[in-house]
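Enquirer: Got a structure for you, written out below as structure tokens; questions coming shortly.
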Amino acid sequence: GESVGLHLPTLSVQEGDNSIINCAYSNSASDYFIWYKQESGKGPQFIIDIRSNMDKRQGQRVTVLLNKTVKHLSLQIAATQPGDSAVYFCAENTGTASKLTFGTGTRLQVTL
Amino acid sequence: DTGVSQNPRHKITKRGQNVTFRCDPISEHNRLYWYRQTLGQGPEFLTYFQNEAQLEKSRLLSDRFSAERPKGSFSTLEIQRTEQGDSAMYLCASSLMDRGQGGYTFGSGTRLTVV
């Protein structure tokens with residue numbers, strides 16, 4: 001398949017370690033945030049979302065942290081697996097707009 | 001329902017030709033979005049529909065682009081007089097009106113190459 005994000009920032013982690021992917025968002029009015037995973041040749045896949053009235057939300061092996069003061073979002077992946085290798089995007093949305101605005105992606109490489 | 005379906009998956013066309021892409025959203029989703037993604041970038045918003053009404057268009061959507069969702073179900077995106085700069089992945093997504101219900105579901109996209 002064709003590569004997504006040939007010149008993206010890359011995070012390389014060993015299998016079994018925890019991964020932390022960071023994202024800075026731009027719009028202080030954004031009140032809903034989503035993390036997506038994108039594998040080569042595929043569309044973005046929903047991972048987890050969080051509303052601005054929360055600081056933290058947990059899913060299965062994933063946690064999203066939101067710091068509205070500094071407009072920062074992070075995705076933590078526990079016990080990273082080879083299948084987690086992909087490009088990860090954060091996306092933001094405001095209550096007055098239906099569109100999502102995507103940040104710069106991060107390529108996660110899981111080494112054995 | 002297996003998710004958002006896009007056709008074709010790949011399209012190669014000569015500069016100046018017209019192309020049309022189709023998107024079939026998740027059946028109960030009333031909102032449908034089109035995004036464009038170039039290599040190394042996140043998806044960029046083009047336009048969205050609520051049912052059959054086109055409610056917002058990005059400035060990226062030039063006059064050569066037109067999108068329709070005639071019966072509030074599937075949607076088509078047409079590009080007229082294609083240019084090399086139109087080469088990109090065109091992604092469709094759908095959602096329910098209420099956000100937070102699993103986010104927006106994306107299709108696998110249509111990869112357009114203009115030669």
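By convention in this document, the chains of the structure tokens carry letters A, B, ... by their order, each chain's residues are numbered from 1, and ligands are numbered from 1 in the order they are shown.
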DSSP on the backbone, then: every residue of chain B marked strand (DSSP E or B), written as an MDAnalysis selection string.

Expert: chainID B and resid 5:7 10:13 19:24 31:37 44:50 53:57 65:68 75:79 88:95 105:106 110:114

Enquirer: List the neighbours of region 47-51 of chain B out to 9 Å using only C-alpha atoms; skip same-chain residues closer than 2 positions along the sequence, and give me the result as number ranges by chain.

Expert: A: 98-99; B: 29-35, 45, 53-58, 61, 67-73, 75, 97

Enquirer: Can you write out the residues you just picked, keeping C-alpha atoms, as a PDB file, in the first residue's frame?

Expert:
ATOM      1  CA  SER A  98     -19.283  20.174  12.056  1.00  0.00           C
ATOM      2  CA  LYS A  99     -15.961  19.859  10.326  1.00  0.00           C
TER       3      LYS A  99
ATOM      4  CA  HIS B  29     -25.824   8.618   9.737  1.00  0.00           C
ATOM      5  CA  ASN B  30     -27.404  11.856   8.607  1.00  0.00           C
ATOM      6  CA  ARG B  31     -24.160  13.800   8.155  1.00  0.00           C
ATOM      7  CA  LEU B  32     -21.706  13.152   5.352  1.00  0.00           C
ATOM      8  CA  TYR B  33     -18.329  14.818   4.850  1.00  0.00           C
ATOM      9  CA  TRP B  34     -15.725  14.997   2.126  1.00  0.00           C
ATOM     10  CA  TYR B  35     -12.054  15.500   2.943  1.00  0.00           C
ATOM     11  CA  PHE B  45     -12.175  19.487   5.059  1.00  0.00           C
ATOM     12  CA  ALA B  53     -28.549  19.805   2.271  1.00  0.00           C
ATOM     13  CA  GLN B  54     -24.974  20.943   1.629  1.00  0.00           C
ATOM     14  CA  LEU B  55     -24.325  23.143   4.657  1.00  0.00           C
ATOM     15  CA  GLU B  56     -20.686  24.162   4.359  1.00  0.00           C
ATOM     16  CA  LYS B  57     -18.024  24.326   1.669  1.00  0.00           C
ATOM     17  CA  SER B  58     -14.342  24.978   2.192  1.00  0.00           C
ATOM     18  CA  LEU B  61     -13.525  23.506  -3.041  1.00  0.00           C
ATOM     19  CA  ALA B  67     -20.721  17.485  -4.483  1.00  0.00           C
ATOM     20  CA  GLU B  68     -24.223  16.167  -4.257  1.00  0.00           C
ATOM     21  CA  ARG B  69     -26.279  14.035  -1.930  1.00  0.00           C
ATOM     22  CA  PRO B  70     -29.574  13.913  -3.772  1.00  0.00           C
ATOM     23  CA  LYS B  71     -31.634  11.664  -1.510  1.00  0.00           C
ATOM     24  CA  GLY B  72     -29.766  12.130   1.724  1.00  0.00           C
ATOM     25  CA  SER B  73     -28.077   8.768   1.353  1.00  0.00           C
ATOM     26  CA  SER B  75     -23.006  11.234  -2.176  1.00  0.00           C
ATOM     27  CA  MET B  97     -25.725  14.730  14.324  1.00  0.00           C
TER      28      MET B  97
END

Enquirer: Counting only C-alpha atoms, collect the residues of chain B whose closest atom lies at most 9 Å from chain A, and write them out as a ChimeraX atom specification.

Expert: /B:31,33,38-48,56,91-92,97,99-100,102-109,111

Enquirer: Can you spit out the residues from that selection as a tab-separated table (two decimals), in the first residue's frame, using C-alpha atoms?

Expert:
chain	number	residue	atom	x	y	z
B	31	ARG	CA	-24.16	13.80	8.16
B	33	TYR	CA	-18.33	14.82	4.85
B	38	THR	CA	-2.17	14.68	0.37
B	39	LEU	CA	0.94	12.75	1.32
B	40	GLY	CA	2.37	13.82	4.64
B	41	GLN	CA	-0.67	15.82	5.65
B	42	GLY	CA	-3.78	15.30	7.70
B	43	PRO	CA	-7.15	15.29	5.96
B	44	GLU	CA	-8.48	18.71	4.96
B	45	PHE	CA	-12.18	19.49	5.06
B	46	LEU	CA	-13.91	20.08	1.73
B	47	THR	CA	-17.66	20.05	2.37
B	48	TYR	CA	-20.43	18.45	4.38
B	56	GLU	CA	-20.69	24.16	4.36
B	91	LEU	CA	-11.97	10.65	1.93
B	92	CYS	CA	-15.61	10.45	2.85
B	97	MET	CA	-25.73	14.73	14.32
B	99	ARG	CA	-21.05	14.29	18.35
B	100	GLY	CA	-19.33	11.96	20.70
B	102	GLY	CA	-17.90	7.21	18.24
B	103	GLY	CA	-16.72	10.16	16.27
B	104	TYR	CA	-16.80	10.40	12.53
B	105	THR	CA	-16.42	7.16	10.56
B	106	PHE	CA	-14.18	7.39	7.53
B	107	GLY	CA	-14.14	5.30	4.40
B	108	SER	CA	-10.96	3.95	2.86
B	109	GLY	CA	-10.84	6.76	0.34
B	111	ARG	CA	-6.85	7.72	-4.54

Enquirer: Just to confirm, what's the straight-line distance from CA of Arg59 (chain B) to CA of Ser27 (chain B) in Å (one decimal)?

Expert: 28.4 Å

Enquirer: Write out as a ChimeraX atom specification which residues come within 6 Å of Ser87 (chain B) when counting only C-alpha atoms, dropping same-chain ones fewer than 3 positions away.

Expert: /B:84,112-114

Enquirer: Any chance you can output those residues with N, CA and C atoms as a PDB file, in the first residue's frame?

Expert:
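again_9.pdb, freshly written:
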ATOM      1  N   GLN B  84      -3.147  18.474 -12.220  1.00  0.00           N
ATOM      2  CA  GLN B  84      -2.227  17.614 -11.484  1.00  0.00           C
ATOM      3  C   GLN B  84      -2.289  17.876  -9.984  1.00  0.00           C
ATOM      4  N   LEU B 112      -6.800   9.503  -6.177  1.00  0.00           N
ATOM      5  CA  LEU B 112      -6.830  10.080  -7.525  1.00  0.00           C
ATOM      6  C   LEU B 112      -5.421  10.450  -7.954  1.00  0.00           C
ATOM      7  N   THR B 113      -5.051  10.004  -9.134  1.00  0.00           N
ATOM      8  CA  THR B 113      -3.785  10.394  -9.747  1.00  0.00           C
ATOM      9  C   THR B 113      -4.089  11.036 -11.089  1.00  0.00           C
ATOM     10  N   VAL B 114      -3.673  12.289 -11.236  1.00  0.00           N
ATOM     11  CA  VAL B 114      -3.875  13.007 -12.491  1.00  0.00           C
ATOM     12  C   VAL B 114      -2.537  13.057 -13.226  1.00  0.00           C
TER      13      VAL B 114
END

Enquirer: Residues near Asp55 (chain A), anyone? I mean within 8 Å using only C-alpha atoms, not counting same-chain ones fewer than 2 positions away, as a PDB file with N, CA, C and O atoms, in the first residue's frame.

Expert:
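Listed below is the output, selection_14.pdb:
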ATOM      1  N   SER A  52     -14.278  18.733  25.997  1.00  0.00           N
ATOM      2  CA  SER A  52     -13.445  19.706  26.704  1.00  0.00           C
ATOM      3  C   SER A  52     -13.776  19.817  28.191  1.00  0.00           C
ATOM      4  O   SER A  52     -13.015  20.420  28.943  1.00  0.00           O
ATOM      5  N   ASN A  53     -14.881  19.232  28.627  1.00  0.00           N
ATOM      6  CA  ASN A  53     -15.203  19.277  30.053  1.00  0.00           C
ATOM      7  C   ASN A  53     -14.532  18.133  30.822  1.00  0.00           C
ATOM      8  O   ASN A  53     -14.797  17.930  32.002  1.00  0.00           O
ATOM      9  N   ARG A  57      -9.572  10.530  29.547  1.00  0.00           N
ATOM     10  CA  ARG A  57     -10.535   9.496  29.203  1.00  0.00           C
ATOM     11  C   ARG A  57      -9.768   8.242  28.842  1.00  0.00           C
ATOM     12  O   ARG A  57      -8.762   8.314  28.123  1.00  0.00           O
ATOM     13  N   LEU A  65      -5.331  12.463  27.202  1.00  0.00           N
ATOM     14  CA  LEU A  65      -5.222  13.527  28.182  1.00  0.00           C
ATOM     15  C   LEU A  65      -5.398  14.855  27.484  1.00  0.00           C
ATOM     16  O   LEU A  65      -4.831  15.069  26.396  1.00  0.00           O
ATOM     17  N   LEU A  66      -6.154  15.740  28.088  1.00  0.00           N
ATOM     18  CA  LEU A  66      -6.413  17.049  27.517  1.00  0.00           C
ATOM     19  C   LEU A  66      -5.995  18.133  28.497  1.00  0.00           C
ATOM     20  O   LEU A  66      -6.447  18.139  29.650  1.00  0.00           O
ATOM     21  N   ASN A  67      -5.155  19.029  28.046  1.00  0.00           N
ATOM     22  CA  ASN A  67      -4.740  20.182  28.845  1.00  0.00           C
ATOM     23  C   ASN A  67      -5.166  21.427  28.087  1.00  0.00           C
ATOM     24  O   ASN A  67      -4.489  21.877  27.150  1.00  0.00           O
TER      25      ASN A  67
END

Enquirer: What does the distance from CA of Gln58 (chain A) to CA of Leu73 (chain A) come to in Å, to one decimal?

Expert: 13.4 Å

Enquirer: Between CA of Val110 (chain A) and CA of Ala88 (chain B), what distance in Å does the model show, to one decimal?

Expert: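 It comes out at 27.3 Å.
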
Enquirer: Could you list, as a PyMOL selection string, every residue within 9 Å of Ala79 (chain A), counting only C-alpha atoms and ignoring same-chain residues fewer than 3 positions away?

Expert: chain A and resi 15-19+61

Enquirer: Got a sec: who's within 10 Å of Ile79 (chain B), counting only C-alpha atoms, leaving out chain neighbours fewer than 6 positions off, as a count of residues only?

Expert: 14
